[in-house]
Structure formats: structure tokens, C-alpha cells
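Take a look at the structure below.
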Amino acid sequence: MAFDGIMMTMVRHEMTAVLSGARVSQIYQPARDELVFAFRTPEGAKKVLIRLSDAPRVHITTGSIENPPVPPMLCMLLRKRLGGARLDDITQPGNERVLCLHFEAVNEIGDREKLRLYIEIMGRYSNVVLTDGEDRVIDTVRRIDFSVSEERVLLPKMPYELPRMQDKLCIEASAPEAIAERIAASGGDDRAVLHTIQGISPIIARELCYRAEESDMLTCVSALKEMVEEGRGEPTLVCKADGSPMDFSFMDIRQYEGALRVQRFDSFGALLDTFFSDRDRIARMKAKSADIGKLLSNAVDRLSRKINLQKADLKKCADREQLQIKGDLLQANLYRIERGASAVTVENFYAEDNAPLTIRLDPTVSPAMNAQRFYKAYNKAKTREIMLAEQIEKATQELAYLESVRDILSRCETEAELSAVRAELREQGYLKTQKNAVKRKEKPLPPIEYQSADGFRILVGRNNKQNDQLTLHTARKNDMWLHTKGIHGTHVIIVSDGRQITDAAILEAARIAAAHSKGRDSAQVPVDYTLVKNVSKPNGALPGKVIYVNYHTVYVKPGTPGTD
């Protein structure tokens with residue numbers, strides 16, 4: 001799986017056909033290594049996605065990508081220089097993975113200027129560089145100074161230089177005979193193809209060798225050259241037996257001989273959107289939530305260690321009764337104990353056989369004071385046991401709360417959901433409010449809504465605060481409340497609307513509750529359900545914490561409407 005140079009050539013042909021003469025209407029930067037350019041074209045609005053990490057690529061996209069509320073500095077610069085600019089041309093050096101977008105823009109004083117946007121898709125070295133009319137760097141996503149590289153420096157006002165090209169033959173600039181001859185001289189296998197032709201990935205190298213078995217390598221190279229020159233690629237998706245995407249290509253893939261399913265698309269943008277949609281969303285949210293995830297992990301680890309230490313101390317307090325017994329035995333035998341004795345052996349009348357018990361004493365104090373010393377230690381242990389039990393209970397509840405937040409974080413799909421988690425953690429004191437931070441009143445997110453097959457609305461809380469709002473304020477007493485049993489998850493409400501809630505609706509809602517829980521990957525998940533009137537919130541409880549009575553439990557396979 002790779003976004004190779006010839007794939008970029010195909011994407012370039014597609015972008016040129018759709019975007020030639022288009023104007024930039026908006027620029028977004030959803031993540032540090034991700035840019036989205038929106039264009040106005042005669043056929044309507046089009047978007048180009050540029051991604052530099054975790055499967056770097058560039059292509060036209062129809063996916064919905066959330067715009068962050070505060071644009072980064074680079075995004076603001078790009079908006080300033082390229083806002084309203086016209087896209088004149090798209091070029092590519094050979095079949096290298098470098099795309100150059102040529103713009104005509106208007107500067108601050110109204111003069112027209114030529115700008116170029118270089119998009120370098122080169123694995124972990126991927127970059128986007130904006131240059132002026134003299135091809136000097138204006139700015140770049142990833143700056144490279146002399147401490148990183150002495151050969152190629154990317155800093156503002158420095159001349160832009162293309163990355164070093166590989167010693168391979170360009171399919172468009174070379175004769176098929178020369179390419180076939182070098183492949184044969186290098187061994188004739190897929191590795192030879194890979195090291196000879198510029199801009200192809202391993203799957204294409206294997207495909208050419210597979211086809212060459214039926215004809216010859218020269219014929220295959222000639223067909224590839226014709227395809228690239230005409231820009232008539234075949235957007236192809238290779239899927240596993242279960243339908244999950246495995247690889248993609250700019251040409252039809254026959255090498256698997258029917259063992260894998262091959263799907264064709266109308267455009268390369270649609271192909272890449274399909275292949276990367278879920279992966280991009282997960283990677284984007286993982287990057288944006290990394291700081292919260294680290295904070296929660298540290299807090300959970302700290303609380304776990306604290307609880308273990310407290311339980312160890314509590315175990316020591318279990319022997320406090322022996323302290324009282326020794327105090328009583330000393331008090332009953334004061335007349336027998338000589339002052340200054342370091343130990344005394346007495347009959348233990350608390351034991352069934354009155355077995356003798358030796359008690360160590362402090363020789364510097366009187367026997368009566370030794371007895372009081374044991375009583376004092378007993379009372380101290382008793383008080384500590386009560387305090388430790390309370391602290392362990394409080395810490396256990398806090399640990400459960402943090403685990404629930406961590407589960408919610410793992411299910412966040414949008415920036416708004418992530419912002420809600422941040423706001424909740426700030427309210428609880430886990431995140432500090434930044435000084436001089438601009439306060440923005442964010443619109444509350446609505447709960448996730450589904451509908452059962454028999455017409456009941458099913459509402460799902462997105463976070464702990466929304467769980468409380470949904471269960472304690474939005475839902476009516478005769479609505480049905482559901483939650484996974486003993487597993488962190490969200491609150492689910494079946495809205496009755498005055499009707500009798502059916503067993504089928506309860507089963508559907510239970511599957512949804514299981515899907516929105518930590519047990520979503522399990523085969524069977526227990527889900528409790530009861531009427532909302534049986535649910536209450538303890539005084540002082542953390543967000544999302546409730547207690548409930550008169551409930552039933554059903555075991556279901558996690559799933560949402562539309563899934564098996």
C-alpha cells in the first residue's frame with residue numbers, strides 16, 4: 001500500500017481536469033500535518049485534501065472534515081496569500097511524488113503575483129512548501145534548517161530546491177525498450193521492476209511481472225507507458241474476503257487470481273476517500289486527543305497505586321483487635337507486672353484454652369502506661385481503618401470516573417466531542433484553564449439519535465455531562481434507561497412518547513448501548529434496563545454516576561442500526 005509517483009500522476013490528471021482555472025475559496029488545517037483547500041469551479045465546490053503523515057497523499061475529496069475553531073498560524077498565512085487565488089496549472093517533475101500547484105494571486109496592495117505550492121509526498125519526509133514568483137520559500141509545514149540537513153534547507157526566503165531524484169527511469173520520458181532491457185539486466189523479477197521504473201509501488205511491480213508471464217515485459221511496459229501518458233488510470237481497490245480494504249492501485253489488479261475481491265471506482269478521489277476515511281478519522285482524533293489520553297493514563301496509574309497502598313495499610317489495621325486484647329490483659333494483670341519489665345507472660349482469657357500470651361513492654365514507663373499505649377494504638381488503628389475505607393471508596397469512584405472518560409475519549413469522532421471532554425475535565429479540575437484564553441461559548445452537542453424498527457426514538461449520550469442531562473432532565477419517568485452492566489459506557493434512553501415500549505425496541509437499544517461502551521468488541525455484553533423513574537444520582541457524585549433499582553439484564557451482541 002503506497003501512494004506512488006504514477007498514482008500521483010493519475011491524481012494530477014484528475015485534478016487538472018476538474019480544477020483548472022478554479023479559485024481558492026477557503027483553506028483549512030484540521031491537524032498539523034493536514035491541509036484542505038476548497039475551490040470554486042463551474043461545476044460547483046471542490047475540495048483537495050493534503051495529508052503529510054499516516055498515509056501521506058493528495059487528492060480531490062468529498063469527505064466532511066471538521067474545521068478547527070482556531071486556525072494555526074500557517075493556515076492564516078495560506079489564507080492571506082492564496083485566498084481567492086486562481087489555479088493556473090498543476091505540474092509534476094517526472095513521475096516523482098512532488099506536485100506543484102501554480103497560482104495567480106493578488107497581494108495586499110492589489111498587484112498580481114505568481115505563487116507556487118509544492119506538495120511533497122515522501123513518507124515521513126512529506127511536506128508542503130509555499131514559494132513566491134522567484135521560487136523562494138515563503139513558509140512550509142515542516143521547516144528544515146542546517147542542523148537537520150546541509151544539502152536541502154527549507155526556510156523562509158531561501159531558494160526552493162526539489163528533493164533529490166532517484167536513479168530510475170521515468171515511464172513517460174524513457175523508451176519501453178530501454179526500460180525492459182534494464183529490468184532484464186537486473187534480474188527480471190519484481191524487485192528489478194521496482195528499482196528500474198520511477199514512481200511505482202511493490203503491488204504494481206508484482207502486477208507487471210504477473211502480466212509479463214502471459215506476454216512479455218516489453219508489452220507490459222509499453223501498455224503502462226501509454227496509460228500514464230494518456231492519464232487513463234483505472235482506480236482499483238483490493239479488498240479482503242470480509243470486504244475490508246487491503247490495497248489500492250491506478251491499474252486493474254489480476255495477480256491475486258480471484259482470491260481477493262477487486263472493486264473499481266469512477267475517480268481516484270473516491271477510491272482514496274473510501275480506502276482512508278476511517279483510518280484518517282481515527283488518526284486525526286488520536287493526534288488531537290493525545291494530551292488528554294496521556295493525562296488520563298497518568299491519573300489512572302497514580303490512583304491505582306494510591307488505592308493499592310491504601311489497601312495494604314487497611315490490611316494492617318485488621319490486627320487492631322489484638323491491640324485491645326493486650327491492653328485488657330495488661331490492665332487485668334497490673335498487680336503482677338514489675339515496673340521496668342521489658343515483657344510479661346499472662347493467661348489470655350480471650351482464648352478458649354487460656355493459652356499464655358507474652359506481651360512486650362516499654363520498660364521506661366509504668367505498667368498502666370503500657371496498657372494505655374495499647375489502647376491508644378487500638379483507637380488510632382480503628383480511626384485509620386474508617387478513614388482508609390472512605391478514602392479507598394472515594395478513590396475507587398474517581399478511578400471509575402476517569403476510566404469512563406477514557407472510554408468516551410476513545411469514541412470521540414469530532415472536534416466538538418473532544419472539546420466537550422476537555423470542558424468536563426476542566427470543570428473537574430483535571431485540566432487547567434489557560435490564562436488569557438479566549439472564552440468561546442460553544443453550542444451544546446445534541447445526543448446521538450437512532451430509531452428502532454418499530455418507531456421508537458433512541459437517544460445516546462456523548463459524554464458524562466450529557467449522560468446526566470439526558471437521564472435526569474431530558475428523559476421522562478416512563479422512558480426506558482439502559483446501560484452496560486459493570487462495563488464503562490454511555491446512557492441510552494428509549495423515548496416512550498406515551499406508548500408501551502416493545503421488547504424489540506429494548507433489544508435494539510441494548511445493542512446500541514453495548515456498541516457505545518468499552519465492551520463494543522465483545523461477542524456478548526450484559527445490558528441493564530429499567531424505567532427512568534428508577535434511576536437517581538447520589539449527592540456529590542461525579543458526572544455520569546447514577547444508581548438504579550428494579551432493573552432487568554439482557555445479553556446482546558453490540559451493534560447499531562444498519563450493522564449485523
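Ligands are numbered from 1 in the order shown, residues from 1 within each chain, and chains are lettered A, B, ... in the order they appear in the C-alpha cells.
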Which parts of region 118-292 of chain A does DSSP call alpha helix (DSSP H) when run on the backbone here, written out as a PyMOL selection string? chain A and resi 176-185+190-196+202-212+217-230+268-288+290-292
Point-to-point distance from CA of Ser186 (chain A) to CA of Lys225 (chain A), Å rounded to tenths: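 Result for CA of Ser186 (chain A) versus CA of Lys225 (chain A): 19.9 Å, one decimal.
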Taking 2 positions as the minimum chain separation for residues in the same chain, which residues sit within 9 Å of Arg406 (chain A) when counting only C-alpha atoms? Answer as a PyMOL selection string. chain A and resi 292-293+296-297+401-404+408-411
Which residues are near region 145-157 of chain A? Cut-off 12 Å, only C-alpha atoms, ignore same chain within fewer than 2 positions. Put them as an MDAnalysis selection string. chainID A and resid 118 125 127:143 159:164
Do you know which residues are at most 8 Å from Pro30 (chain A) counting only C-alpha atoms, after dropping those on the same chain fewer than 6 positions away, and could you put them as a list in words? Val36, Ile65, Glu66, Asn67 and Pro68 of chain A
In terms of the shortest atom-to-atom distance over only C-alpha atoms, which of A:Thr219, A:Ser452, A:Thr414, A:Thr471 is closest to Val546 (chain A)? A:Thr471
Could you please write out, as a ChimeraX atom specification, every residue of region 182-426 of chain A that DSSP assigns to strand (DSSP E or B)? /A:197,236-239,245-249,261-264,343-347,356-360
For the selection just defined, write its residues with C-alpha atoms to a file, as a JSON list (two decimals), in the first residue's frame.
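Contents of the output file selection-v4.json:
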```
[["chain", "number", "residue", "atom", "x", "y", "z"],
["A", 197, "ILE", "CA", 10.75, 2.31, -13.10],
["A", 236, "THR", "CA", -8.89, -0.02, -8.24],
["A", 237, "LEU", "CA", -9.46, -1.15, -4.67],
["A", 238, "VAL", "CA", -8.31, -4.58, -3.48],
["A", 239, "CYS", "CA", -10.43, -5.96, -0.63],
["A", 245, "PRO", "CA", -9.86, -2.58, 2.09],
["A", 246, "MET", "CA", -6.35, -4.01, 1.74],
["A", 247, "ASP", "CA", -4.65, -2.08, -1.07],
["A", 248, "PHE", "CA", -5.29, 0.33, -3.94],
["A", 249, "SER", "CA", -3.86, 0.90, -7.38],
["A", 261, "ARG", "CA", -12.09, -9.03, -4.35],
["A", 262, "VAL", "CA", -11.28, -6.15, -6.71],
["A", 263, "GLN", "CA", -13.51, -3.07, -6.86],
["A", 264, "ARG", "CA", -13.39, -0.31, -9.48],
["A", 343, "ALA", "CA", 7.93, -8.28, 78.74],
["A", 344, "VAL", "CA", 5.28, -10.18, 80.62],
["A", 345, "THR", "CA", 3.55, -13.52, 80.07],
["A", 346, "VAL", "CA", -0.12, -13.68, 81.09],
["A", 347, "GLU", "CA", -3.07, -16.01, 80.62],
["A", 356, "PRO", "CA", -0.38, -17.93, 77.78],
["A", 357, "LEU", "CA", 0.48, -14.79, 75.80],
["A", 358, "THR", "CA", 3.77, -12.90, 76.01],
["A", 359, "ILE", "CA", 3.42, -9.10, 75.67],
["A", 360, "ARG", "CA", 6.38, -6.85, 75.05]]
```
Between A:Lys394, A:Arg302, A:Arg336, A:Lys114, which one has atoms that come closest to Leu101 (chain A), using only C-alpha atoms? A:Lys114
Please list as a ChimeraX atom specification every residue within 10 Å of Glu385 (chain A), counting only C-alpha atoms and excluding residues in the same chain fewer than 2 positions away. /A:310-311,313-318,320,379-383,387-391
What does the structure give for the distance between CA of His552 (chain A) and CA of Gln397 (chain A), in Å to one decimal?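 About the pair CA of His552 (chain A) and CA of Gln397 (chain A): they are 23.7 Å apart.
Within 10 Å of Tyr28 (chain A), once only C-alpha atoms are used and residues closer than 2 positions along the same chain are dropped, the contacting residues are Gln26, Pro30, Ala31, Glu34, Leu35, Val36, Phe37, Ala38, Leu49, Ile65, Glu66, Asn67, Pro68, Pro71, Pro72, Leu74, Cys75, Met76, Leu78 and Arg79 of chain A.
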Requested write-out: C-alpha atoms of the selected residues, as a PDB file, in the first residue's frame:
```
ATOM      1  CA  GLN A  26     -11.201  28.559   1.729  1.00  0.00           C
ATOM      2  CA  PRO A  30      -7.656  20.276  10.614  1.00  0.00           C
ATOM      3  CA  ALA A  31      -4.349  18.961  12.002  1.00  0.00           C
ATOM      4  CA  GLU A  34      -3.172  18.089   7.155  1.00  0.00           C
ATOM      5  CA  LEU A  35      -4.498  20.820   4.850  1.00  0.00           C
ATOM      6  CA  VAL A  36      -7.777  21.155   2.967  1.00  0.00           C
ATOM      7  CA  PHE A  37      -8.145  23.558   0.022  1.00  0.00           C
ATOM      8  CA  ALA A  38     -11.678  24.418  -1.094  1.00  0.00           C
ATOM      9  CA  LEU A  49      -7.018  17.023   0.817  1.00  0.00           C
ATOM     10  CA  ILE A  65     -13.530  17.207   7.574  1.00  0.00           C
ATOM     11  CA  GLU A  66     -14.222  19.321  10.641  1.00  0.00           C
ATOM     12  CA  ASN A  67     -12.673  22.774  10.649  1.00  0.00           C
ATOM     13  CA  PRO A  68     -10.932  23.639  13.958  1.00  0.00           C
ATOM     14  CA  PRO A  71      -6.762  28.268  12.622  1.00  0.00           C
ATOM     15  CA  PRO A  72      -2.999  27.679  13.075  1.00  0.00           C
ATOM     16  CA  LEU A  74       0.414  28.587   8.768  1.00  0.00           C
ATOM     17  CA  CYS A  75      -3.241  28.269   7.825  1.00  0.00           C
ATOM     18  CA  MET A  76      -3.728  32.007   8.357  1.00  0.00           C
ATOM     19  CA  LEU A  78      -2.005  30.471   3.393  1.00  0.00           C
ATOM     20  CA  ARG A  79      -5.398  32.163   3.584  1.00  0.00           C
TER      21      ARG A  79
END
```
For a quick check of understanding, using only C-alpha atoms, which of A:Ile6, A:Leu115, A:Ile60, A:Ile90 has the smallest distance to Glu229 (chain A)?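 Nearest to Glu229 (chain A): A:Ile6.
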Residue nearest Phe103 (chain A) - candidates A:Leu470, A:Ile171, A:Leu19, A:Ile448, atoms counted: only C-alpha atoms: A:Leu19
Top pick for closest residue to Arg81 (chain A), considering A:Pro69, A:Leu99, A:Val106, A:Ser496 and counting only C-alpha atoms: A:Val106
One decimal, in Å: what's the spacing between CA of Val11 (chain A) and CA of Phe268 (chain A)? 6.4 Å
